[in-house]
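Shown below: my_file_2.txt, with compact mmCIF, C-alpha atoms.
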# COMPACT_ATOMS: atom_id res chain seq x y z
CA MET G 1 -3.21 -31.84 18.58
CA LEU G 2 -2.43 -28.71 16.60
CA ASP G 3 0.85 -26.98 17.46
CA PHE G 4 0.13 -23.26 17.49
CA ILE G 5 2.77 -20.55 17.95
CA THR G 6 2.74 -18.90 21.37
CA TRP G 7 4.12 -15.41 20.79
CA THR G 8 5.82 -13.94 23.87
CA ALA G 9 8.08 -11.30 22.29
CA ASP G 10 8.65 -8.18 24.40
CA PRO G 11 7.95 -4.97 22.42
CA ALA G 12 11.01 -3.34 24.04
CA ILE G 13 14.57 -4.26 23.09
CA PHE G 14 16.02 -2.56 26.17
CA THR G 15 15.39 0.39 28.47
CA ILE G 16 17.56 3.45 29.04
CA GLY G 17 16.40 5.16 32.21
CA SER G 18 12.65 5.59 31.78
CA ARG G 19 12.78 5.44 27.98
CA GLU G 20 12.22 2.21 26.08
CA ILE G 21 13.87 1.37 22.79
CA ARG G 22 11.24 -0.64 20.94
CA TRP G 23 11.39 -3.06 18.04
CA TYR G 24 8.71 -0.99 16.25
CA GLY G 25 10.85 2.15 16.27
CA LEU G 26 13.96 0.21 15.26
CA ALA G 27 12.13 -1.48 12.36
CA PHE G 28 10.78 1.89 11.19
CA ALA G 29 14.25 3.46 11.37
CA ILE G 30 15.92 0.58 9.52
CA GLY G 31 13.28 0.75 6.79
CA PHE G 32 13.82 4.48 6.32
CA ALA G 33 17.62 4.14 6.35
CA ILE G 34 17.62 1.44 3.66
CA GLY G 35 15.00 3.36 1.70
CA TYR G 36 17.20 6.44 1.78
CA MET G 37 20.14 4.46 0.37
CA ILE G 38 17.96 3.10 -2.44
CA VAL G 39 16.77 6.60 -3.35
CA GLU G 40 20.40 7.74 -3.37
CA ARG G 41 21.10 5.10 -6.03
CA MET G 42 18.21 6.48 -8.08
CA TRP G 43 19.61 9.99 -7.80
CA LYS G 44 22.99 8.82 -9.07
CA LYS G 45 21.38 6.81 -11.87
CA GLU G 46 19.47 9.84 -13.13
CA ARG G 47 22.18 12.39 -12.20
CA LEU G 48 19.80 14.49 -10.13
CA PRO G 49 20.76 17.43 -7.84
CA PRO G 50 21.88 16.02 -4.45
CA ALA G 51 20.04 18.75 -2.52
CA TRP G 52 16.70 17.44 -3.77
CA ILE G 53 17.04 14.13 -1.94
CA ASP G 54 17.33 15.67 1.54
CA SER G 55 14.25 17.79 0.89
CA LEU G 56 12.39 14.69 -0.33
CA LEU G 57 13.24 12.87 2.91
CA ILE G 58 12.00 15.75 5.08
CA TYR G 59 8.77 16.22 3.14
CA THR G 60 8.10 12.48 3.11
CA MET G 61 8.71 11.95 6.81
CA LEU G 62 6.50 14.89 7.78
CA GLY G 63 3.75 13.78 5.40
CA THR G 64 3.91 10.20 6.67
CA VAL G 65 3.76 10.97 10.39
CA ILE G 66 1.21 13.80 10.24
CA GLY G 67 -0.99 12.03 7.70
CA ALA G 68 -0.89 8.67 9.48
CA ARG G 69 -1.79 10.25 12.82
CA LEU G 70 -4.60 12.41 11.46
CA GLY G 71 -5.85 9.45 9.43
CA HIS G 72 -6.18 7.29 12.52
CA CYS G 73 -7.88 10.05 14.50
CA LEU G 74 -10.33 11.13 11.80
CA PHE G 75 -11.06 7.78 10.11
CA TYR G 76 -11.44 5.59 13.19
CA ALA G 77 -12.38 7.80 16.17
CA PRO G 78 -13.38 11.28 14.94
CA GLU G 79 -15.86 11.99 17.74
CA TYR G 80 -13.28 11.42 20.47
CA TYR G 81 -10.40 13.29 18.85
CA LEU G 82 -12.46 16.24 17.66
CA ALA G 83 -13.75 16.60 21.22
CA ASN G 84 -10.21 16.19 22.61
CA PRO G 85 -7.90 17.72 19.96
CA VAL G 86 -4.87 17.75 22.26
CA GLU G 87 -4.94 13.93 22.21
CA ILE G 88 -4.11 14.02 18.49
CA LEU G 89 -0.61 15.18 19.40
CA LYS G 90 0.08 12.10 21.58
CA ILE G 91 1.61 9.98 18.84
CA TRP G 92 3.68 8.05 21.38
CA GLU G 93 0.47 6.45 22.70
CA GLY G 94 -0.06 4.72 19.34
CA GLY G 95 -2.56 5.11 16.55
CA LEU G 96 -1.30 5.52 13.00
CA ALA G 97 -3.27 4.72 9.83
CA SER G 98 -1.48 3.71 6.63
CA HIS G 99 -4.20 5.22 4.43
CA GLY G 100 -3.79 8.54 6.21
CA GLY G 101 -0.04 8.25 5.80
CA THR G 102 -0.50 7.75 2.06
CA LEU G 103 -2.70 10.83 1.79
CA GLY G 104 -0.16 12.77 3.85
CA ILE G 105 2.63 11.76 1.48
CA ILE G 106 0.54 12.79 -1.54
CA ILE G 107 0.04 16.25 -0.05
CA ALA G 108 3.72 16.49 0.92
CA ILE G 109 4.83 15.54 -2.60
CA TYR G 110 2.53 18.20 -4.04
CA PHE G 111 4.45 20.87 -2.12
CA TYR G 112 7.80 19.19 -2.84
CA SER G 113 7.07 19.26 -6.56
CA LYS G 114 5.99 22.89 -6.45
CA ARG G 115 8.78 24.21 -4.25
CA VAL G 116 11.78 21.94 -4.86
CA SER G 117 11.90 19.74 -7.97
CA HIS G 118 9.49 21.70 -10.19
CA LYS G 119 8.67 18.37 -11.83
CA SER G 120 5.40 16.44 -11.91
CA MET G 121 4.20 14.63 -8.80
CA LEU G 122 4.31 11.33 -10.70
CA TRP G 123 8.02 11.86 -11.31
CA ALA G 124 8.54 11.88 -7.53
CA PHE G 125 6.06 9.08 -6.78
CA ASP G 126 7.72 6.66 -9.22
CA LYS G 127 10.88 6.98 -7.14
CA LEU G 128 9.40 7.24 -3.69
CA VAL G 129 7.25 4.11 -3.84
CA VAL G 130 10.16 1.82 -4.76
CA PRO G 131 11.53 1.57 -1.19
CA THR G 132 8.15 2.20 0.46
CA GLY G 133 7.15 -1.46 0.24
CA LEU G 134 10.19 -2.36 2.35
CA VAL G 135 9.40 0.35 4.91
CA ALA G 136 5.78 -0.86 5.14
CA ALA G 137 6.95 -4.45 5.66
CA MET G 138 9.26 -3.37 8.47
CA ILE G 139 6.41 -1.48 10.15
CA ARG G 140 4.22 -4.59 10.06
CA LEU G 141 7.02 -6.58 11.71
CA GLY G 142 7.00 -3.87 14.40
CA ASN G 143 3.25 -4.47 14.81
CA LEU G 144 4.00 -8.18 15.27
CA MET G 145 6.44 -7.38 18.08
CA ASN G 146 3.75 -5.16 19.66
CA HIS G 147 1.14 -7.98 19.62
CA GLU G 148 -1.24 -5.72 17.65
CA ILE G 149 -3.27 -5.64 14.42
CA TYR G 150 -3.69 -9.40 14.21
CA GLY G 151 -6.47 -11.43 12.66
CA HIS G 152 -9.45 -13.65 13.40
CA SER G 153 -9.08 -16.92 15.25
CA THR G 154 -7.93 -19.84 13.13
CA ASP G 155 -7.20 -23.56 13.39
CA LEU G 156 -4.35 -23.33 10.88
CA PRO G 157 -1.04 -24.60 12.30
CA TRP G 158 0.67 -21.22 11.88
CA GLY G 159 -1.86 -19.44 14.07
CA PHE G 160 -0.29 -17.16 16.68
CA ARG G 161 -1.43 -16.87 20.29
CA PHE G 162 -0.80 -13.21 21.16
CA ILE G 163 -0.66 -11.71 24.65
CA ASP G 164 -3.89 -9.77 25.24
CA ASN G 165 -2.88 -8.21 28.57
CA LEU G 166 0.44 -6.94 27.25
CA TYR G 167 0.82 -4.00 29.64
CA ALA G 168 -0.02 -6.06 32.74
CA TRP G 169 2.24 -8.91 31.55
CA ARG G 170 5.14 -6.52 31.20
CA MET G 171 4.45 -5.37 34.76
CA GLY G 172 4.76 -8.95 36.01
CA ALA G 173 1.28 -10.44 35.62
CA GLU G 174 0.64 -13.83 34.12
CA PRO G 175 -0.01 -13.59 30.36
CA ILE G 176 -3.52 -13.94 28.99
CA PHE G 177 -3.26 -15.32 25.48
CA SER G 178 -5.62 -14.78 22.58
CA ALA G 179 -7.12 -17.67 20.70
CA PRO G 180 -4.84 -18.91 17.90
CA SER G 181 -5.17 -16.12 15.33
CA HIS G 182 -4.09 -15.23 11.82
CA PRO G 183 -0.72 -13.40 11.99
CA THR G 184 -1.94 -10.80 9.53
CA GLN G 185 1.12 -8.67 10.26
CA LEU G 186 3.20 -11.35 8.54
CA TYR G 187 0.70 -11.68 5.67
CA GLU G 188 0.94 -7.97 4.98
CA ALA G 189 4.72 -7.86 5.45
CA ALA G 190 5.13 -10.64 2.88
CA CYS G 191 2.89 -8.85 0.34
CA TYR G 192 4.74 -5.58 0.86
CA LEU G 193 8.12 -7.26 0.40
CA VAL G 194 6.91 -8.78 -2.88
CA THR G 195 5.74 -5.31 -3.93
CA PHE G 196 9.16 -3.92 -3.03
CA VAL G 197 10.93 -6.53 -5.19
CA ILE G 198 8.60 -5.84 -8.13
CA CYS G 199 9.12 -2.07 -7.91
CA MET G 200 12.91 -2.48 -7.64
CA TRP G 201 12.87 -4.71 -10.74
CA LEU G 202 10.72 -2.26 -12.67
CA TYR G 203 12.91 0.71 -11.80
CA PHE G 204 16.46 -0.66 -12.00
CA LYS G 205 16.09 -3.49 -14.55
CA LYS G 206 13.32 -2.28 -16.85
CA GLU G 207 13.68 1.49 -16.37
CA ALA G 208 9.91 1.76 -16.06
CA TRP G 209 10.39 5.22 -14.49
CA LYS G 210 10.57 6.53 -18.06
CA LYS G 211 6.81 5.93 -18.25
CA GLN G 212 5.60 8.30 -15.55
CA GLY G 213 3.04 6.81 -13.22
CA PHE G 214 3.56 3.15 -14.11
CA ILE G 215 5.61 2.14 -11.05
CA PHE G 216 3.37 4.25 -8.83
CA GLY G 217 0.27 2.55 -10.23
CA VAL G 218 1.71 -0.95 -9.79
CA PHE G 219 2.61 -0.10 -6.20
CA MET G 220 -0.91 1.14 -5.42
CA ILE G 221 -2.52 -1.98 -6.91
CA CYS G 222 -0.22 -4.39 -5.08
CA VAL G 223 -0.21 -2.73 -1.66
CA PHE G 224 -3.85 -1.75 -1.35
CA GLY G 225 -5.12 -4.76 -3.29
CA SER G 226 -3.39 -7.11 -0.85
CA ARG G 227 -4.57 -4.97 2.06
CA PHE G 228 -8.17 -5.25 0.84
CA PHE G 229 -8.13 -9.06 0.85
CA ILE G 230 -6.15 -9.49 4.08
CA GLU G 231 -8.71 -7.32 5.87
CA PHE G 232 -11.20 -10.21 5.50
CA VAL G 233 -9.26 -12.15 8.15
CA LYS G 234 -8.14 -9.18 10.26
CA ASN G 235 -9.90 -8.02 13.41
CA ASP G 236 -11.75 -4.72 13.20
CA GLN G 237 -9.82 -1.82 14.69
CA GLU G 238 -12.93 -0.07 16.01
CA PRO G 239 -16.31 -1.47 17.23
CA PHE G 240 -18.38 0.47 14.67
CA GLU G 241 -16.78 -1.56 11.84
CA ALA G 242 -18.69 -4.67 12.95
CA GLU G 243 -21.86 -3.26 11.35
CA MET G 244 -20.20 -2.48 8.01
CA MET G 245 -20.34 -4.66 4.90
CA LEU G 246 -16.63 -3.94 4.40
CA ASN G 247 -14.44 -2.57 7.16
CA MET G 248 -12.87 0.88 7.10
CA GLY G 249 -9.52 -0.40 5.82
CA GLN G 250 -11.23 -2.01 2.83
CA TRP G 251 -13.33 1.01 1.93
CA LEU G 252 -10.26 3.21 2.11
CA SER G 253 -8.26 0.77 -0.05
CA ILE G 254 -10.69 0.71 -2.98
CA PRO G 255 -9.98 4.28 -4.24
CA PHE G 256 -6.23 3.65 -4.12
CA VAL G 257 -6.55 0.42 -6.14
CA LEU G 258 -8.73 2.16 -8.74
CA ALA G 259 -6.28 5.05 -8.92
CA GLY G 260 -3.43 2.57 -9.40
CA CYS G 261 -5.25 0.89 -12.29
CA TRP G 262 -5.80 4.27 -13.92
CA PHE G 263 -2.13 5.26 -13.62
CA VAL G 264 -0.99 1.94 -15.13
CA TRP G 265 -3.49 2.29 -17.99
CA ARG G 266 -2.41 5.90 -18.56
CA ALA G 267 1.28 4.98 -18.70
CA LEU G 268 0.68 2.10 -21.11
CA ARG G 269 -1.63 4.18 -23.29
CA ASN G 270 1.08 6.80 -23.76
CA GLY G 271 3.45 4.28 -25.31
CA LYS G 272 4.59 0.69 -25.20
CA LEU G 273 6.39 -0.23 -21.99
CA LYS G 274 8.96 -2.96 -22.49
CA ILE G 275 8.79 -5.30 -19.51
CA GLU G 276 9.37 -8.58 -21.32
CA ASN G 277 12.54 -10.58 -20.56

Can I see the file as structure tokens?
Amino acid sequence: MLDFITWTADPAIFTIGSREIRWYGLAFAIGFAIGYMIVERMWKKERLPPAWIDSLLIYTMLGTVIGARLGHCLFYAPEYYLANPVEILKIWEGGLASHGGTLGIIIAIYFYSKRVSHKSMLWAFDKLVVPTGLVAAMIRLGNLMNHEIYGHSTDLPWGFRFIDNLYAWRMGAEPIFSAPSHPTQLYEAACYLVTFVICMWLYFKKEAWKKQGFIFGVFMICVFGSRFFIEFVKNDQEPFEAEMMLNMGQWLSIPFVLAGCWFVWRALRNGKLKIEN
């Protein structure tokens, strides 16, 4: 008999009054804190103005949250949210899209480059994406703790049985478990961690930041390329995706992968990049 993993983690670490402190929020905060420290090392390495880093953090956080929320609302349920625009503001109820977050960051960096650094957007992206893989991995671990965004049923021994009636279970009901399913949160977290290691190596060991756009392009290929393939075993987020040849996550990933290929080609075309040992 196959020994599947029965996942009974509580999304909340503890409760203070009526407010819960959740693993998802903690994972997000830890990712951002470590990311900030990594960017600080970059600033010291390149002897950049300290004031720029605080502005970068503010622009990035605003772009991430606003873009991810609008992305979820407009990509996955536009009819509902356009008819009920106030619901868009209820971020605490869940619903963030990574593709929307990426677009939000791109827009935020455009204004950051114009108003703060007065350097090219690629100059900022080559730094920003280095810790982003770690942040994305931490977010997916938060999704795991929330019993959400998992995959199709599987007979593989590492299949997870998630709690489907999470709210009722937390109120005292008996848990209703899903069929053993692909833990796609872990698949994505692993891919994002590998991307993080690659980007760190390119920046700190090979100084690939001297070829603007190369690290950014590699990041886009790795993150959205892995996302494209993992989506084949992930459950659709919205019912309308069942009728699509590729789901929404895959269609949204394709332009980012193509853009990443173009940025890598552009960087290599402009001069030899030494990445050999």

Item to complete: Could you tell me how far atom CA of G:Pro255 lies from atom CA of G:Val218, in Å and to one decimal?
Response: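 Calculated distance between atom CA of G:Pro255 and atom CA of G:Val218 is 14.0 Å.
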
* Exercise: G:Asp236 partners within 9 Å, only C-alpha atoms, chain neighbours under 5 positions left out, as a VMD selection string -> chain G and resid 149 151 231 241 to 242 247 to 249

task = For each of G:Arg22, G:Lys127, G:Arg140, G:Lys210, take the minimum atom-to-atom distance to G:Ser98, counting all atoms listed in the file, then give the residue where this is smallest.
result =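 Closest to G:Ser98 of all the choices is G:Arg140.
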
Taking the point (-2.2, -1.4, -6.8) as given in the file, collect each protein or nucleic acid residue that comes within 12 Å of it, counting all atoms listed in the file, and present the set as an MDAnalysis selection string.
chainID G and resid 129 133 191:192 195 198:199 213:228 253:265

Exercise for the section: May I ask which of the residues G:Val39, G:Trp158, G:Leu48, G:Thr6 is the closest one to G:Lys119, counting only C-alpha atoms? Expected result: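 Between G:Val39, G:Trp158, G:Leu48, G:Thr6, the residue approaching G:Lys119 most closely is G:Leu48.
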
Rank nothing, just name the residue among G:Ile163, G:Leu56, G:Leu74, G:Leu62 nearest to G:Met145, using all atoms listed in the file.
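Going through G:Ile163, G:Leu56, G:Leu74, G:Leu62 one by one, the smallest distance to G:Met145 is for G:Ile163.
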
Report task. Could you check which of G:Glu87, G:Lys211, G:Glu79, G:Leu70 is closest to G:Phe125, using only C-alpha atoms? Result ->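 When distances to G:Phe125 are compared using only C-alpha atoms, the smallest one comes from G:Lys211.
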
So that I can check the surroundings of G:Tyr167, please list as a short mmCIF file (atom, residue, chain, number, x, y, z; two decimals) with C-alpha atoms, in the coordinates of the input every protein, DNA and RNA residue that reaches within 12 Å of it, counting all atoms listed in the file and ignoring chain neighbours fewer than 5 positions away.
data_model
loop_
_atom_site.label_atom_id
_atom_site.label_comp_id
_atom_site.auth_asym_id
_atom_site.auth_seq_id
_atom_site.Cartn_x
_atom_site.Cartn_y
_atom_site.Cartn_z
CA ASP G 10 8.65 -8.18 24.40
CA PRO G 11 7.95 -4.97 22.42
CA ALA G 12 11.01 -3.34 24.04
CA ASN G 146 3.75 -5.16 19.66
CA HIS G 147 1.14 -7.98 19.62
CA GLY G 172 4.76 -8.95 36.01
CA ALA G 173 1.28 -10.44 35.62
CA GLU G 174 0.64 -13.83 34.12
CA PRO G 175 -0.01 -13.59 30.36
CA ILE G 176 -3.52 -13.94 28.99
#

Q.
Would you compute the distance between atom CA of G:Glu40 and atom CA of G:Leu103? Give it in Å to one decimal.
A.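 Atom CA of G:Glu40 sits 23.9 Å away from atom CA of G:Leu103.
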
Quick one: distance from atom CA of G:Trp209 to atom CA of G:Pro131 in Å, one decimal?
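Answer for the atom CA of G:Trp209 to atom CA of G:Pro131 separation: 13.8 Å.
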
Next item on the list: Find the residues near G:Tyr81: any atom within 12 Å, counting all atoms listed in the file, skip ones fewer than 4 places away on the same chain, and give them as number ranges by chain.
Entry: G: 69-77, 85-90, 95

Nearest to G:Tyr150, restricted to only C-alpha atoms and choosing among G:Trp7, G:Phe196, G:Phe28, G:Trp23, comes out as G:Trp7

Practice problem: Please identify all polymer residues within 9 Å of G:Ile109, counting only C-alpha atoms, omitting same-chain residues fewer than 6 positions from it, and present them as a ChimeraX atom specification. | Solution: /G:56,59-60,63,121,124-125

Exercise. Nearest to G:Ala179 among G:Ser55, G:Val116, G:Ala208, G:Ile5, with distances taken over all atoms listed in the file: which residue is it?
Worked result: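 Looking at the shortest contact to G:Ala179, the residue is G:Ile5.
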
Centre and edge lengths of an axis-aligned box around all listed atoms of stretch 148-163 of chain G, with 8 Å added on each side, are to be given in Å to one decimal, as AutoDock Vina command-line options.
--center_x -4.4 --center_y -15.1 --center_z 17.8 --size_x 26.1 --size_y 35.0 --size_z 29.8
